[in-house]
$ cat protein-v7.pdb   # PDB, C-alpha atoms and all ligand atoms
MODEL        1
ATOM      1  CA  MET A   1       4.055  22.250   0.455  1.00  0.00           C
ATOM      2  CA  ALA A   2       4.716  21.300   4.090  1.00  0.00           C
ATOM      3  CA  THR A   3       8.218  19.890   4.593  1.00  0.00           C
ATOM      4  CA  ARG A   4       9.650  18.504   7.828  1.00  0.00           C
ATOM      5  CA  ASP A   5      11.525  21.787   8.271  1.00  0.00           C
ATOM      6  CA  ASN A   6       8.425  23.925   8.711  1.00  0.00           C
ATOM      7  CA  LEU A   7       6.510  21.511  10.962  1.00  0.00           C
ATOM      8  CA  LYS A   8       6.294  22.069  14.714  1.00  0.00           C
ATOM      9  CA  LYS A   9       8.954  19.957  16.363  1.00  0.00           C
ATOM     10  CA  ARG A  10       8.237  17.924  19.477  1.00  0.00           C
ATOM     11  CA  LYS A  11      10.806  15.794  21.257  1.00  0.00           C
ATOM     12  CA  ILE A  12       9.416  12.894  23.302  1.00  0.00           C
ATOM     13  CA  ALA A  13      11.531  10.718  25.626  1.00  0.00           C
ATOM     14  CA  VAL A  14      10.403   7.174  26.472  1.00  0.00           C
ATOM     15  CA  LEU A  15      11.584   5.892  29.852  1.00  0.00           C
ATOM     16  CA  GLY A  16      10.908   2.954  32.177  1.00  0.00           C
ATOM     17  CA  SER A  17      12.470  -0.238  33.552  1.00  0.00           C
ATOM     18  CA  ARG A  18      14.341  -2.699  31.346  1.00  0.00           C
ATOM     19  CA  SER A  19      12.349  -5.019  29.122  1.00  0.00           C
ATOM     20  CA  VAL A  20       8.950  -3.374  29.717  1.00  0.00           C
ATOM     21  CA  GLY A  21       8.479  -2.993  25.952  1.00  0.00           C
ATOM     22  CA  LYS A  22       9.608   0.572  25.214  1.00  0.00           C
ATOM     23  CA  SER A  23      11.417  -0.331  21.969  1.00  0.00           C
ATOM     24  CA  SER A  24       8.581  -2.647  20.877  1.00  0.00           C
ATOM     25  CA  MET A  25       6.021   0.098  21.390  1.00  0.00           C
ATOM     26  CA  ILE A  26       8.131   2.595  19.402  1.00  0.00           C
ATOM     27  CA  LEU A  27       8.799   0.052  16.635  1.00  0.00           C
ATOM     28  CA  GLN A  28       5.080  -0.684  16.339  1.00  0.00           C
ATOM     29  CA  PHE A  29       4.361   3.069  16.221  1.00  0.00           C
ATOM     30  CA  ILE A  30       7.047   3.923  13.664  1.00  0.00           C
ATOM     31  CA  GLU A  31       7.237   0.790  11.496  1.00  0.00           C
ATOM     32  CA  ASN A  32       4.020  -1.103  12.269  1.00  0.00           C
ATOM     33  CA  HIS A  33       5.549  -4.365  13.301  1.00  0.00           C
ATOM     34  CA  PHE A  34       6.399  -6.367  16.424  1.00  0.00           C
ATOM     35  CA  MET A  35       9.523  -8.360  17.319  1.00  0.00           C
ATOM     36  CA  GLU A  36       9.504 -11.227  19.848  1.00  0.00           C
ATOM     37  CA  SER A  37      13.276 -11.083  20.362  1.00  0.00           C
ATOM     38  CA  TYR A  38      14.784  -8.846  23.014  1.00  0.00           C
ATOM     39  CA  TYR A  39      17.757  -6.580  22.313  1.00  0.00           C
ATOM     40  CA  PRO A  40      18.564  -4.198  25.192  1.00  0.00           C
ATOM     41  CA  THR A  41      18.585  -0.574  24.023  1.00  0.00           C
ATOM     42  CA  ILE A  42      21.466   1.812  24.576  1.00  0.00           C
ATOM     43  CA  GLU A  43      19.719   4.811  23.022  1.00  0.00           C
ATOM     44  CA  SER A  44      17.984   5.355  19.682  1.00  0.00           C
ATOM     45  CA  THR A  45      16.076   8.200  18.103  1.00  0.00           C
ATOM     46  CA  PHE A  46      13.194   7.886  15.644  1.00  0.00           C
ATOM     47  CA  VAL A  47      11.246  10.496  13.735  1.00  0.00           C
ATOM     48  CA  LYS A  48       7.663  10.460  12.564  1.00  0.00           C
ATOM     49  CA  THR A  49       5.199  13.069  11.390  1.00  0.00           C
ATOM     50  CA  VAL A  50       2.114  12.880  13.594  1.00  0.00           C
ATOM     51  CA  ASN A  51      -1.211  14.568  12.982  1.00  0.00           C
ATOM     52  CA  TYR A  52      -2.731  15.847  16.212  1.00  0.00           C
ATOM     53  CA  LYS A  53      -6.043  17.722  16.001  1.00  0.00           C
ATOM     54  CA  GLY A  54      -5.419  18.654  12.349  1.00  0.00           C
ATOM     55  CA  THR A  55      -1.870  19.926  12.862  1.00  0.00           C
ATOM     56  CA  GLU A  56       1.198  18.016  11.688  1.00  0.00           C
ATOM     57  CA  TYR A  57       4.010  17.639  14.216  1.00  0.00           C
ATOM     58  CA  ASP A  58       7.531  16.482  13.472  1.00  0.00           C
ATOM     59  CA  CYS A  59       8.025  14.117  16.414  1.00  0.00           C
ATOM     60  CA  GLU A  60      11.414  12.912  17.525  1.00  0.00           C
ATOM     61  CA  VAL A  61      11.002   9.885  19.787  1.00  0.00           C
ATOM     62  CA  ILE A  62      13.941   8.961  22.006  1.00  0.00           C
ATOM     63  CA  ASP A  63      14.150   5.332  23.111  1.00  0.00           C
ATOM     64  CA  THR A  64      16.278   5.201  26.258  1.00  0.00           C
ATOM     65  CA  ALA A  65      18.184   2.389  27.981  1.00  0.00           C
ATOM     66  CA  GLY A  66      15.959   0.891  30.724  1.00  0.00           C
ATOM     67  CA  GLN A  67      16.283   2.523  34.117  1.00  0.00           C
ATOM     68  CA  ASP A  68      16.516   1.097  37.625  1.00  0.00           C
ATOM     69  CA  GLU A  69      16.447   2.855  40.994  1.00  0.00           C
ATOM     70  CA  TYR A  70      20.167   3.635  40.701  1.00  0.00           C
ATOM     71  CA  SER A  71      20.077   5.129  37.196  1.00  0.00           C
ATOM     72  CA  LEU A  72      21.006   8.771  37.039  1.00  0.00           C
ATOM     73  CA  LEU A  73      18.864  11.027  34.882  1.00  0.00           C
ATOM     74  CA  GLY A  74      20.757  13.914  33.340  1.00  0.00           C
ATOM     75  CA  PRO A  75      20.564  16.772  30.839  1.00  0.00           C
ATOM     76  CA  LYS A  76      19.894  14.428  27.906  1.00  0.00           C
ATOM     77  CA  HIS A  77      16.675  13.359  29.657  1.00  0.00           C
ATOM     78  CA  ALA A  78      15.578  16.936  30.265  1.00  0.00           C
ATOM     79  CA  ILE A  79      17.060  19.569  27.951  1.00  0.00           C
ATOM     80  CA  GLY A  80      14.971  20.098  24.830  1.00  0.00           C
ATOM     81  CA  ILE A  81      12.464  17.373  25.766  1.00  0.00           C
ATOM     82  CA  HIS A  82       8.842  18.481  25.365  1.00  0.00           C
ATOM     83  CA  GLY A  83       7.082  15.417  26.762  1.00  0.00           C
ATOM     84  CA  TYR A  84       7.617  12.052  28.433  1.00  0.00           C
ATOM     85  CA  VAL A  85       6.234   8.556  28.029  1.00  0.00           C
ATOM     86  CA  LEU A  86       6.858   6.494  31.176  1.00  0.00           C
ATOM     87  CA  VAL A  87       6.320   2.779  30.566  1.00  0.00           C
ATOM     88  CA  TYR A  88       5.721  -0.080  33.012  1.00  0.00           C
ATOM     89  CA  SER A  89       4.635  -3.595  32.165  1.00  0.00           C
ATOM     90  CA  VAL A  90       1.268  -4.685  33.607  1.00  0.00           C
ATOM     91  CA  THR A  91       3.030  -8.026  34.276  1.00  0.00           C
ATOM     92  CA  SER A  92       5.657  -6.453  36.557  1.00  0.00           C
ATOM     93  CA  ARG A  93       4.891  -4.781  39.878  1.00  0.00           C
ATOM     94  CA  LYS A  94       8.541  -3.749  40.154  1.00  0.00           C
ATOM     95  CA  SER A  95       8.391  -1.847  36.846  1.00  0.00           C
ATOM     96  CA  PHE A  96       5.210  -0.104  38.052  1.00  0.00           C
ATOM     97  CA  ASP A  97       6.940   0.991  41.267  1.00  0.00           C
ATOM     98  CA  MET A  98       9.800   2.410  39.160  1.00  0.00           C
ATOM     99  CA  ILE A  99       7.471   4.924  37.481  1.00  0.00           C
ATOM    100  CA  GLN A 100       7.145   7.157  40.555  1.00  0.00           C
ATOM    101  CA  ILE A 101      10.904   6.964  41.119  1.00  0.00           C
ATOM    102  CA  VAL A 102      11.662   8.033  37.524  1.00  0.00           C
ATOM    103  CA  TYR A 103       8.941  10.714  37.611  1.00  0.00           C
ATOM    104  CA  ASP A 104      10.321  12.205  40.844  1.00  0.00           C
ATOM    105  CA  LYS A 105      13.865  12.220  39.443  1.00  0.00           C
ATOM    106  CA  LEU A 106      12.636  14.025  36.313  1.00  0.00           C
ATOM    107  CA  ILE A 107      10.737  16.764  38.118  1.00  0.00           C
ATOM    108  CA  ASP A 108      13.639  17.163  40.507  1.00  0.00           C
ATOM    109  CA  PHE A 109      16.129  17.485  37.651  1.00  0.00           C
ATOM    110  CA  CYS A 110      13.867  19.804  35.610  1.00  0.00           C
ATOM    111  CA  GLY A 111      13.053  21.900  38.722  1.00  0.00           C
ATOM    112  CA  VAL A 112       9.295  21.867  38.057  1.00  0.00           C
ATOM    113  CA  THR A 113       6.233  20.543  39.878  1.00  0.00           C
ATOM    114  CA  ASP A 114       4.910  18.447  37.004  1.00  0.00           C
ATOM    115  CA  ILE A 115       5.858  17.505  33.447  1.00  0.00           C
ATOM    116  CA  PRO A 116       3.883  16.723  30.268  1.00  0.00           C
ATOM    117  CA  CYS A 117       3.695  12.974  30.680  1.00  0.00           C
ATOM    118  CA  VAL A 118       1.818   9.811  29.715  1.00  0.00           C
ATOM    119  CA  ILE A 119       2.072   6.771  31.967  1.00  0.00           C
ATOM    120  CA  VAL A 120       1.741   3.564  29.932  1.00  0.00           C
ATOM    121  CA  GLY A 121       0.888   0.064  31.170  1.00  0.00           C
ATOM    122  CA  SER A 122       2.287  -2.249  28.456  1.00  0.00           C
ATOM    123  CA  LYS A 123       1.842  -5.935  27.481  1.00  0.00           C
ATOM    124  CA  THR A 124      -1.904  -6.170  28.169  1.00  0.00           C
ATOM    125  CA  ASP A 125      -2.070  -9.236  25.895  1.00  0.00           C
ATOM    126  CA  LEU A 126      -0.336 -11.164  28.716  1.00  0.00           C
ATOM    127  CA  SER A 127      -3.497 -10.965  30.824  1.00  0.00           C
ATOM    128  CA  SER A 128      -2.876 -14.197  32.759  1.00  0.00           C
ATOM    129  CA  SER A 129       0.397 -12.735  34.143  1.00  0.00           C
ATOM    130  CA  ARG A 130      -1.058  -9.362  35.133  1.00  0.00           C
ATOM    131  CA  GLN A 131       0.321  -7.938  38.392  1.00  0.00           C
ATOM    132  CA  VAL A 132      -0.890  -4.332  38.121  1.00  0.00           C
ATOM    133  CA  ASP A 133      -4.569  -3.440  38.035  1.00  0.00           C
ATOM    134  CA  PRO A 134      -5.755  -0.718  35.608  1.00  0.00           C
ATOM    135  CA  SER A 135      -7.160   1.261  38.573  1.00  0.00           C
ATOM    136  CA  GLU A 136      -3.650   1.463  40.095  1.00  0.00           C
ATOM    137  CA  GLY A 137      -2.258   2.901  36.853  1.00  0.00           C
ATOM    138  CA  GLU A 138      -5.061   5.427  36.646  1.00  0.00           C
ATOM    139  CA  ARG A 139      -4.565   6.493  40.266  1.00  0.00           C
ATOM    140  CA  LEU A 140      -0.807   6.926  39.779  1.00  0.00           C
ATOM    141  CA  ALA A 141      -1.434   9.116  36.740  1.00  0.00           C
ATOM    142  CA  GLN A 142      -3.993  11.259  38.589  1.00  0.00           C
ATOM    143  CA  THR A 143      -1.586  11.791  41.489  1.00  0.00           C
ATOM    144  CA  ASN A 144       1.079  13.037  39.065  1.00  0.00           C
ATOM    145  CA  LYS A 145      -1.256  15.050  36.791  1.00  0.00           C
ATOM    146  CA  ALA A 146      -0.343  12.730  33.911  1.00  0.00           C
ATOM    147  CA  ALA A 147      -2.350  10.921  31.234  1.00  0.00           C
ATOM    148  CA  TRP A 148      -2.575   7.131  31.377  1.00  0.00           C
ATOM    149  CA  VAL A 149      -3.248   4.322  28.935  1.00  0.00           C
ATOM    150  CA  GLU A 150      -2.704   0.579  28.674  1.00  0.00           C
ATOM    151  CA  THR A 151      -1.190  -0.876  25.490  1.00  0.00           C
ATOM    152  CA  SER A 152      -0.060  -4.001  23.750  1.00  0.00           C
ATOM    153  CA  ALA A 153       2.693  -3.555  21.176  1.00  0.00           C
ATOM    154  CA  LYS A 154       2.203  -7.199  20.193  1.00  0.00           C
ATOM    155  CA  ALA A 155      -1.520  -6.837  19.471  1.00  0.00           C
ATOM    156  CA  ASN A 156      -1.074  -3.212  18.333  1.00  0.00           C
ATOM    157  CA  VAL A 157      -3.542  -1.864  20.901  1.00  0.00           C
ATOM    158  CA  ASN A 158      -3.478   1.839  21.815  1.00  0.00           C
ATOM    159  CA  VAL A 159       0.070   2.404  20.529  1.00  0.00           C
ATOM    160  CA  GLY A 160      -0.846   5.476  18.434  1.00  0.00           C
ATOM    161  CA  GLU A 161      -2.960   6.717  21.361  1.00  0.00           C
ATOM    162  CA  VAL A 162       0.176   7.022  23.535  1.00  0.00           C
ATOM    163  CA  PHE A 163       1.636   9.682  21.240  1.00  0.00           C
ATOM    164  CA  GLN A 164      -1.688  11.476  20.779  1.00  0.00           C
ATOM    165  CA  LEU A 165      -1.985  11.693  24.573  1.00  0.00           C
ATOM    166  CA  CYS A 166       1.597  12.896  24.873  1.00  0.00           C
ATOM    167  CA  LEU A 167       1.037  15.687  22.321  1.00  0.00           C
ATOM    168  CA  ALA A 168      -2.164  16.594  24.202  1.00  0.00           C
ATOM    169  CA  GLU A 169      -0.217  16.884  27.480  1.00  0.00           C
ATOM    170  CA  ILE A 170       2.466  19.003  25.771  1.00  0.00           C
ATOM    171  CA  GLU A 171      -0.047  21.306  24.071  1.00  0.00           C
ATOM    172  CA  LYS A 172      -2.126  21.648  27.257  1.00  0.00           C
ATOM    173  CA  ARG A 173       0.846  23.316  28.936  1.00  0.00           C
ATOM    174  CA  ALA A 174       2.222  25.269  25.953  1.00  0.00           C
ATOM    175  CA  PRO A 175      -0.451  25.613  23.280  1.00  0.00           C
ATOM    176  CA  SER A 176       1.311  26.083  19.924  1.00  0.00           C
ATOM    177  CA  SER A 177      -1.832  27.704  18.521  1.00  0.00           C
ATOM    178  CA  GLN A 178      -1.473  30.577  20.998  1.00  0.00           C
ATOM    179  CA  PRO A 179      -1.034  33.792  18.981  1.00  0.00           C
ATOM    180  CA  GLU A 180       2.272  35.597  19.299  1.00  0.00           C
ATOM    181  CA  VAL A 181       2.015  38.717  21.471  1.00  0.00           C
ATOM    182  CA  PRO A 182       2.534  41.684  19.095  1.00  0.00           C
ATOM    183  CA  ALA A 183       5.383  44.020  20.056  1.00  0.00           C
ATOM    184  CA  ARG A 184       4.137  47.396  21.250  1.00  0.00           C
ATOM    185  CA  PRO A 185       5.180  50.354  19.058  1.00  0.00           C
ATOM    186  CA  GLY A 186       8.293  52.003  20.441  1.00  0.00           C
ATOM    187  CA  ARG A 187       9.219  48.913  22.512  1.00  0.00           C
ATOM    188  CA  ILE A 188      10.929  46.911  19.782  1.00  0.00           C
ATOM    189  CA  CYS A 189      14.151  45.246  20.847  1.00  0.00           C
ATOM    190  CA  ARG A 190      16.756  45.084  18.100  1.00  0.00           C
ATOM    191  CA  ILE A 191      19.861  42.980  18.505  1.00  0.00           C
ATOM    192  CA  MET A 192      22.690  44.681  16.594  1.00  0.00           C
TER
HETATM  193  N1  LIG B 201       3.584 -10.320  24.879  1.00  0.00           N
HETATM  194  C1  LIG B 201       4.162  -9.125  24.693  1.00  0.00           C
HETATM  195  N2  LIG B 201       5.492  -9.022  24.721  1.00  0.00           N
HETATM  196  C2  LIG B 201       6.037  -7.800  24.536  1.00  0.00           C
HETATM  197  C3  LIG B 201       5.242  -6.636  24.309  1.00  0.00           C
HETATM  198  N3  LIG B 201       6.061  -5.570  24.165  1.00  0.00           N
HETATM  199  C4  LIG B 201       7.314  -6.070  24.279  1.00  0.00           C
HETATM  200  N4  LIG B 201       7.311  -7.400  24.490  1.00  0.00           N
HETATM  201  C5  LIG B 201       8.490  -8.281  24.646  1.00  0.00           C
HETATM  202  O1  LIG B 201       9.207  -7.884  25.794  1.00  0.00           O
HETATM  203  C6  LIG B 201      10.614  -7.983  25.560  1.00  0.00           C
HETATM  204  C7  LIG B 201      11.282  -6.652  25.834  1.00  0.00           C
HETATM  205  O2  LIG B 201      10.801  -5.697  24.889  1.00  0.00           O
HETATM  206  P1  LIG B 201      11.613  -4.381  24.507  1.00  0.00           P
HETATM  207  O3  LIG B 201      10.730  -3.602  23.640  1.00  0.00           O
HETATM  208  O4  LIG B 201      12.956  -4.716  23.999  1.00  0.00           O
HETATM  209  O5  LIG B 201      11.768  -3.703  25.947  1.00  0.00           O
HETATM  210  P2  LIG B 201      12.533  -2.363  26.346  1.00  0.00           P
HETATM  211  O6  LIG B 201      11.730  -1.717  27.418  1.00  0.00           O
HETATM  212  O7  LIG B 201      12.836  -1.544  25.145  1.00  0.00           O
HETATM  213  O8  LIG B 201      13.883  -2.941  26.971  1.00  0.00           O
HETATM  214  P3  LIG B 201      15.278  -2.154  27.311  1.00  0.00           P
HETATM  215  O9  LIG B 201      15.927  -1.841  26.011  1.00  0.00           O
HETATM  216  O10 LIG B 201      16.071  -3.130  28.124  1.00  0.00           O
HETATM  217  O11 LIG B 201      14.968  -0.955  28.109  1.00  0.00           O
HETATM  218  C8  LIG B 201      10.788  -8.471  24.106  1.00  0.00           C
HETATM  219  O12 LIG B 201      10.998  -9.856  24.110  1.00  0.00           O
HETATM  220  C9  LIG B 201       9.447  -8.119  23.460  1.00  0.00           C
HETATM  221  O13 LIG B 201       9.112  -8.990  22.402  1.00  0.00           O
HETATM  222  C10 LIG B 201       3.818  -6.784  24.285  1.00  0.00           C
HETATM  223  O14 LIG B 201       3.037  -5.851  24.088  1.00  0.00           O
HETATM  224  N5  LIG B 201       3.335  -8.055  24.499  1.00  0.00           N
ENDMDL
END
$ encode --input "protein-v7.pdb" --output "structure tokens" --more "lines below"
Ligand SMILES: Nc1nc2c(ncn2[C@@H]2O[C@H](COP(=O)(O)OP(=O)(O)OP(=O)(O)O)[C@@H](O)[C@H]2O)c(=O)[nH]1
Amino acid sequence: MATRDNLKKRKIAVLGSRSVGKSSMILQFIENHFMESYYPTIESTFVKTVNYKGTEYDCEVIDTAGQDEYSLLGPKHAIGIHGYVLVYSVTSRKSFDMIQIVYDKLIDFCGVTDIPCVIVGSKTDLSSSRQVDPSEGERLAQTNKAAWVETSAKANVNVGEVFQLCLAEIEKRAPSSQPEVPARPGRICRIM
């Protein structure tokens, strides 16, 4: 029987400006409900088993405190993290502009040219307050070789899709189905 211990583990960090709906999106994903009230997050971790293309993954989702242009990203945002979900609200141009800033800080800190990442435009149910067009989100994602989707945690639209896309981005770069390279006879390394 499959237990959590023998599932493939994937650690996903959720970042973005304050109050864009990171916690609400995670709560809807993990517990299937939505809360109107706002409680700023310090940091929380959630776990959920997710089926992606027939394989079960033990996903650890890290809900971070909202960032601004002065926030420092450090080892806890990079070490051991397999993929990123960067969230802006479609009702906030400022939160959209923060995505590139956070993305650049991450690639700088990780010392890579791109990272497995999904850019998420949240709160689409608030259509009359929209400040960011879908085409702008799509373009930003293309520029950064990331996936993109718009969601509403309130209306439960595309929330599961965010994590499917994130696993897709992670697996694209490091396919877990890739067979292990067999050791050549006579070249076995033994640690005594
Ligand atoms: N209408 C609507 N409101 C939302 C949605 N998602 C979140 N909210 C509201 O936006 C506010 C902030 O949501 P949070 O999920 O706490 O935001 P956060 O990004 O985790 O905030 P920080 O912890 O400060 O980083 C709350 O009042 C939520 O109810 C959504 O999809 N639609």
$ residues_around --input "protein-v7.pdb" --residues "A:Glu136" --least-positions-apart "6" --cutoff "12 Å" --atoms "only C-alpha atoms" --output "PDB file with C-alpha atoms, keeping the file's coordinate frame"
ATOM      1  CA  TYR A  88       5.721  -0.080  33.012  1.00  0.00           C
ATOM      2  CA  VAL A  90       1.268  -4.685  33.607  1.00  0.00           C
ATOM      3  CA  ARG A  93       4.891  -4.781  39.878  1.00  0.00           C
ATOM      4  CA  PHE A  96       5.210  -0.104  38.052  1.00  0.00           C
ATOM      5  CA  ASP A  97       6.940   0.991  41.267  1.00  0.00           C
ATOM      6  CA  ILE A  99       7.471   4.924  37.481  1.00  0.00           C
ATOM      7  CA  ILE A 119       2.072   6.771  31.967  1.00  0.00           C
ATOM      8  CA  VAL A 120       1.741   3.564  29.932  1.00  0.00           C
ATOM      9  CA  GLY A 121       0.888   0.064  31.170  1.00  0.00           C
ATOM     10  CA  GLN A 142      -3.993  11.259  38.589  1.00  0.00           C
ATOM     11  CA  THR A 143      -1.586  11.791  41.489  1.00  0.00           C
ATOM     12  CA  TRP A 148      -2.575   7.131  31.377  1.00  0.00           C
ATOM     13  CA  VAL A 149      -3.248   4.322  28.935  1.00  0.00           C
ATOM     14  CA  GLU A 150      -2.704   0.579  28.674  1.00  0.00           C
TER      15      GLU A 150
END
$ atom_distance --input "protein-v7.pdb" --atom1 "atom O10 of ligand LIG 201 (chain B)" --atom2 "atom CA of A:Ala65"
5.9 Å
$ resolve_selection --input "protein-v7.pdb" --expression "the PyMOL selection byres (((chain A and resi 77) around 10) and not hetatm)" --output "list in words"
Ile12, Ala13, Val14, Leu15, Ile62, Thr64, Leu72, Leu73, Gly74, Pro75, Lys76, Ala78, Ile79, Gly80, Ile81, Tyr84, Leu106, Phe109 and Cys110 of chain A
$ residues_near_ligand --input "protein-v7.pdb" --ligand "ligand LIG 201 (chain B)" --cutoff "9 Å" --atoms "all atoms listed in the file" --output "NGL selection string"
:A and (15-27 or 34-43 or 63-67 or 87-89 or 122-126 or 151-157)
$ resolve_selection --input "protein-v7.pdb" --expression "the PyMOL selection byres (((chain A and resi 168) around 12) and not hetatm)" --output "compact mmCIF listing (two decimals) with C-alpha atoms, in the frame of the given file"
# COMPACT_ATOMS: atom_id res chain seq x y z
CA ARG A 10 8.24 17.92 19.48
CA ASN A 51 -1.21 14.57 12.98
CA TYR A 52 -2.73 15.85 16.21
CA LYS A 53 -6.04 17.72 16.00
CA THR A 55 -1.87 19.93 12.86
CA TYR A 57 4.01 17.64 14.22
CA HIS A 82 8.84 18.48 25.36
CA GLY A 83 7.08 15.42 26.76
CA TYR A 84 7.62 12.05 28.43
CA PRO A 116 3.88 16.72 30.27
CA CYS A 117 3.70 12.97 30.68
CA VAL A 118 1.82 9.81 29.72
CA ALA A 146 -0.34 12.73 33.91
CA ALA A 147 -2.35 10.92 31.23
CA TRP A 148 -2.58 7.13 31.38
CA GLU A 161 -2.96 6.72 21.36
CA VAL A 162 0.18 7.02 23.54
CA PHE A 163 1.64 9.68 21.24
CA GLN A 164 -1.69 11.48 20.78
CA LEU A 165 -1.98 11.69 24.57
CA CYS A 166 1.60 12.90 24.87
CA LEU A 167 1.04 15.69 22.32
CA GLU A 169 -0.22 16.88 27.48
CA ILE A 170 2.47 19.00 25.77
CA GLU A 171 -0.05 21.31 24.07
CA LYS A 172 -2.13 21.65 27.26
CA ARG A 173 0.85 23.32 28.94
CA ALA A 174 2.22 25.27 25.95
CA PRO A 175 -0.45 25.61 23.28
CA SER A 176 1.31 26.08 19.92
$ atom_distance --input "protein-v7.pdb" --atom1 "atom CA of A:Asp5" --atom2 "atom CA of A:Gln28"
24.7 Å
$ atom_distance --input "protein-v7.pdb" --atom1 "atom CA of A:Ser44" --atom2 "atom CA of A:Asp108"
24.3 Å
$ closest_residue --input "protein-v7.pdb" --among "A:Glu56, A:Glu31, A:Val47, A:Val102" --to "A:Asp68" --atoms "only C-alpha atoms"
A:Val102
$ closest_residue --input "protein-v7.pdb" --among "A:Ser127, A:Thr45, A:Asn32, A:Asn144" --to "A:Leu86" --atoms "all atoms listed in the file"
A:Asn144
